[in-house]
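**Q** Before anything else, here's the structure in question.
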Amino acid sequence: MKLNAGQSSELLTISTPLDSEKLDVSKESDLKISTKYWIHCSERVSLYHTDPKTVLNLLVDVYREYFTHNYAENDSVLDLSFESLEGMEYLDVKDYLELQAAKLKDYLPGNSNESNSYRAEESEKTFSSLYEKLQNYIDVELERYGAFVLENGLSANKDTYQSRMQYTNHILETSRKKDMAAHDVRIEAIDNYNAFMTRFVLIPTYDEN
């Protein structure tokens with residue numbers, strides 16, 4: 001008998017030391033934030049052939065992973081690996097490198113705020129200079145690489161490349177049609193414009209007649 005997420009949540013309860021106090025939430029003096037929590041797993045979990053302690057240990061692992069990902073400094077972006085580039089389409093390589101560079105770029109401002117006077121011993125680089133270098137890599141180097149790939153039609157797989165170009169052309173054609181439709185609506189509105197209306201609409205006057 002398997003235990004799914006919904007069933008496990010019904011077997012878990014959370015409480016705090018404040019639960020035993022009779023607090024009047026309408027009074028500001030009674031508003032408190034608990035810093036201690038107790039989680040209890042019902043013994044009924046054994047009906048699913050699972051030990052309550054096992055459930056709680058799994059819950060702790062999940063919470064630790066969630067907390068680290070959302071609130072702790074995530075330095076996993078520094079563990080760069082380029083093994084996945086092997087056999088990847090040339091245009092996909094650009095997207096992958098741009099994604100990795102963007103992650104590094106987003107990681108640097110926090111370090112710069114904490115230590116804006118830091119300089120590397122050998123290169124004298126700062127977090128700010130590295131940020132600019134990454135931005136230049138994305139805006140210039142990768143754009144040049146992408147343009148070179150497109151201009152020369154480089155592809156590891158001809159059929160894949162052609163399908164991708166066809167899809168891109170389809171998206172561009174759809175955007176062109178939308179822009180032309182908007183243009184036609186504006187032209188039609190201009191054609192319907194009557195300059196005689198301006199004396200009534202734009203100039204506030206009194207009609208004595």
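Labels used: A, B, ... for chains in the order of the structure tokens, numbers from 1 for residues in each chain, and numbers from 1 for ligands as shown.
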Can you pull out the residues contacting A:Leu3? Cut-off 7 Å, using only C-alpha atoms, and skip same-chain residues under 3 positions away; I want them as a PyMOL selection string.
**A** chain A and resi 7-8+48
**Q** Only C-alpha atoms, please: the residues just picked out, written as a short mmCIF file (atom, residue, chain, number, x, y, z; two decimals), in the first residue's frame.
**A**
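Wrote it out as result.cif, contents follow:
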```cif
data_model
loop_
_atom_site.label_atom_id
_atom_site.label_comp_id
_atom_site.auth_asym_id
_atom_site.auth_seq_id
_atom_site.Cartn_x
_atom_site.Cartn_y
_atom_site.Cartn_z
CA GLN A 7 -2.10 11.01 2.54
CA SER A 8 1.21 11.84 4.22
CA TYR A 48 1.13 2.01 5.11
#
```
**Q** Contacts of A:Thr54 at 10 Å or less, counting only C-alpha atoms, minus same-chain residues fewer than 5 places along, as an MDAnalysis selection string?
**A** chainID A and resid 41 59:60
**Q** Go ahead and compute the interatomic distance for atom CA of A:Asn157 and atom CA of A:Leu91, in Å to one decimal.
**A**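 Pair atom CA of A:Asn157 / atom CA of A:Leu91 returns 11.4 Å.
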**Q** What gap, in Å, lies between atom CA of A:Gly87 and atom CA of A:Gln162?
**A**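 Atom CA of A:Gly87 sits 17.1 Å away from atom CA of A:Gln162.
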**Q** I'd like the neighbourhood of stretch 140-143 of chain A as number ranges by chain, where a residue qualifies if any of its atoms comes within 12 Å (using only C-alpha atoms), though same-chain residues fewer than 2 positions away should be ignored.
**A** A: 90-102, 132-138, 145-151
**Q** Could those selected residues go to a file with N, CA and C atoms, as a PDB file, in the first residue's frame?
**A**
```pdb
ATOM      1  N   TYR A  90      25.076  23.505 -32.576  1.00  0.00           N
ATOM      2  CA  TYR A  90      25.854  24.720 -32.389  1.00  0.00           C
ATOM      3  C   TYR A  90      25.021  25.868 -31.822  1.00  0.00           C
ATOM      4  N   LEU A  91      23.794  26.000 -32.280  1.00  0.00           N
ATOM      5  CA  LEU A  91      22.935  27.052 -31.748  1.00  0.00           C
ATOM      6  C   LEU A  91      22.528  26.765 -30.312  1.00  0.00           C
ATOM      7  N   ASP A  92      22.367  25.476 -29.981  1.00  0.00           N
ATOM      8  CA  ASP A  92      22.041  25.111 -28.601  1.00  0.00           C
ATOM      9  C   ASP A  92      23.229  25.372 -27.680  1.00  0.00           C
ATOM     10  N   VAL A  93      24.433  25.252 -28.221  1.00  0.00           N
ATOM     11  CA  VAL A  93      25.636  25.563 -27.444  1.00  0.00           C
ATOM     12  C   VAL A  93      25.598  27.026 -27.003  1.00  0.00           C
ATOM     13  N   LYS A  94      25.204  27.905 -27.920  1.00  0.00           N
ATOM     14  CA  LYS A  94      25.091  29.331 -27.588  1.00  0.00           C
ATOM     15  C   LYS A  94      24.101  29.535 -26.452  1.00  0.00           C
ATOM     16  N   ASP A  95      22.928  28.904 -26.547  1.00  0.00           N
ATOM     17  CA  ASP A  95      21.909  29.053 -25.506  1.00  0.00           C
ATOM     18  C   ASP A  95      22.413  28.516 -24.168  1.00  0.00           C
ATOM     19  N   TYR A  96      23.107  27.391 -24.202  1.00  0.00           N
ATOM     20  CA  TYR A  96      23.606  26.782 -22.965  1.00  0.00           C
ATOM     21  C   TYR A  96      24.649  27.684 -22.306  1.00  0.00           C
ATOM     22  N   LEU A  97      25.600  28.175 -23.099  1.00  0.00           N
ATOM     23  CA  LEU A  97      26.650  29.034 -22.550  1.00  0.00           C
ATOM     24  C   LEU A  97      26.074  30.357 -22.038  1.00  0.00           C
ATOM     25  N   GLU A  98      25.075  30.864 -22.734  1.00  0.00           N
ATOM     26  CA  GLU A  98      24.442  32.104 -22.290  1.00  0.00           C
ATOM     27  C   GLU A  98      23.729  31.901 -20.958  1.00  0.00           C
ATOM     28  N   LEU A  99      23.094  30.749 -20.788  1.00  0.00           N
ATOM     29  CA  LEU A  99      22.413  30.437 -19.533  1.00  0.00           C
ATOM     30  C   LEU A  99      23.411  30.333 -18.382  1.00  0.00           C
ATOM     31  N   GLN A 100      24.532  29.638 -18.611  1.00  0.00           N
ATOM     32  CA  GLN A 100      25.534  29.486 -17.564  1.00  0.00           C
ATOM     33  C   GLN A 100      26.170  30.827 -17.205  1.00  0.00           C
ATOM     34  N   ALA A 101      26.435  31.651 -18.216  1.00  0.00           N
ATOM     35  CA  ALA A 101      27.025  32.966 -17.969  1.00  0.00           C
ATOM     36  C   ALA A 101      26.057  33.858 -17.198  1.00  0.00           C
ATOM     37  N   ALA A 102      24.771  33.746 -17.519  1.00  0.00           N
ATOM     38  CA  ALA A 102      23.762  34.548 -16.824  1.00  0.00           C
ATOM     39  C   ALA A 102      23.674  34.143 -15.351  1.00  0.00           C
ATOM     40  N   GLU A 132      30.957  42.841 -15.469  1.00  0.00           N
ATOM     41  CA  GLU A 132      31.016  43.507 -16.766  1.00  0.00           C
ATOM     42  C   GLU A 132      31.594  42.585 -17.840  1.00  0.00           C
ATOM     43  N   LYS A 133      32.583  41.786 -17.443  1.00  0.00           N
ATOM     44  CA  LYS A 133      33.187  40.868 -18.399  1.00  0.00           C
ATOM     45  C   LYS A 133      32.188  39.805 -18.848  1.00  0.00           C
ATOM     46  N   LEU A 134      31.398  39.306 -17.921  1.00  0.00           N
ATOM     47  CA  LEU A 134      30.377  38.316 -18.276  1.00  0.00           C
ATOM     48  C   LEU A 134      29.304  38.937 -19.162  1.00  0.00           C
ATOM     49  N   GLN A 135      28.918  40.175 -18.844  1.00  0.00           N
ATOM     50  CA  GLN A 135      27.916  40.852 -19.662  1.00  0.00           C
ATOM     51  C   GLN A 135      28.439  41.061 -21.080  1.00  0.00           C
ATOM     52  N   ASN A 136      29.709  41.409 -21.202  1.00  0.00           N
ATOM     53  CA  ASN A 136      30.326  41.589 -22.510  1.00  0.00           C
ATOM     54  C   ASN A 136      30.413  40.257 -23.260  1.00  0.00           C
ATOM     55  N   TYR A 137      30.675  39.189 -22.519  1.00  0.00           N
ATOM     56  CA  TYR A 137      30.732  37.850 -23.117  1.00  0.00           C
ATOM     57  C   TYR A 137      29.377  37.467 -23.716  1.00  0.00           C
ATOM     58  N   ILE A 138      28.293  37.804 -22.988  1.00  0.00           N
ATOM     59  CA  ILE A 138      26.950  37.476 -23.463  1.00  0.00           C
ATOM     60  C   ILE A 138      26.557  38.349 -24.647  1.00  0.00           C
ATOM     61  N   TYR A 145      29.339  34.573 -32.062  1.00  0.00           N
ATOM     62  CA  TYR A 145      29.336  33.127 -32.308  1.00  0.00           C
ATOM     63  C   TYR A 145      28.027  32.711 -32.972  1.00  0.00           C
ATOM     64  N   GLY A 146      26.896  33.206 -32.433  1.00  0.00           N
ATOM     65  CA  GLY A 146      25.603  32.861 -33.001  1.00  0.00           C
ATOM     66  C   GLY A 146      25.462  33.340 -34.426  1.00  0.00           C
ATOM     67  N   ALA A 147      25.942  34.557 -34.704  1.00  0.00           N
ATOM     68  CA  ALA A 147      25.877  35.088 -36.069  1.00  0.00           C
ATOM     69  C   ALA A 147      26.736  34.260 -37.023  1.00  0.00           C
ATOM     70  N   PHE A 148      27.893  33.818 -36.542  1.00  0.00           N
ATOM     71  CA  PHE A 148      28.775  32.998 -37.379  1.00  0.00           C
ATOM     72  C   PHE A 148      28.106  31.666 -37.717  1.00  0.00           C
ATOM     73  N   VAL A 149      27.445  31.063 -36.737  1.00  0.00           N
ATOM     74  CA  VAL A 149      26.761  29.785 -36.959  1.00  0.00           C
ATOM     75  C   VAL A 149      25.642  29.950 -37.977  1.00  0.00           C
ATOM     76  N   LEU A 150      24.853  31.018 -37.820  1.00  0.00           N
ATOM     77  CA  LEU A 150      23.735  31.244 -38.737  1.00  0.00           C
ATOM     78  C   LEU A 150      24.219  31.586 -40.143  1.00  0.00           C
ATOM     79  N   GLU A 151      25.235  32.414 -40.219  1.00  0.00           N
ATOM     80  CA  GLU A 151      25.733  32.849 -41.527  1.00  0.00           C
ATOM     81  C   GLU A 151      26.301  31.694 -42.331  1.00  0.00           C
TER      82      GLU A 151
END
```
**Q** With only C-alpha atoms as the counted atoms, please give the residues lying no more than 8 Å from stretch 11-15 of chain A, apart from itself and same-chain residues fewer than 2 positions off, as a list in words.
**A** Gln7, Ser8, Ser9, Pro17, Asp19, Tyr37, Trp38, Ile39, His40, Cys41, Ser42, Arg44 and Val45 of chain A
**Q** Determine which residues of chain A receive a DSSP assignment of helix (DSSP H, G or I), computed from the backbone, and state them as number ranges by chain.
**A** A: 5-10, 17-20, 28-30, 43-48, 52-71, 75-78, 83-85, 90-114, 127-152, 158-191, 195-201
**Q** Just give me the gap between atom CA of A:Val55 and atom CA of A:Leu18 in Å, one decimal is fine.
**A**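 Computing the Euclidean distance for atom CA of A:Val55 and atom CA of A:Leu18 yields 25.0 Å.
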**Q** Can you pull out every residue within 10 Å of A:Leu47, counting only C-alpha atoms, but drop anything in the same chain fewer than 4 positions away, and send it as a VMD selection string?
**A** chain A and resid 1 to 3 43 51
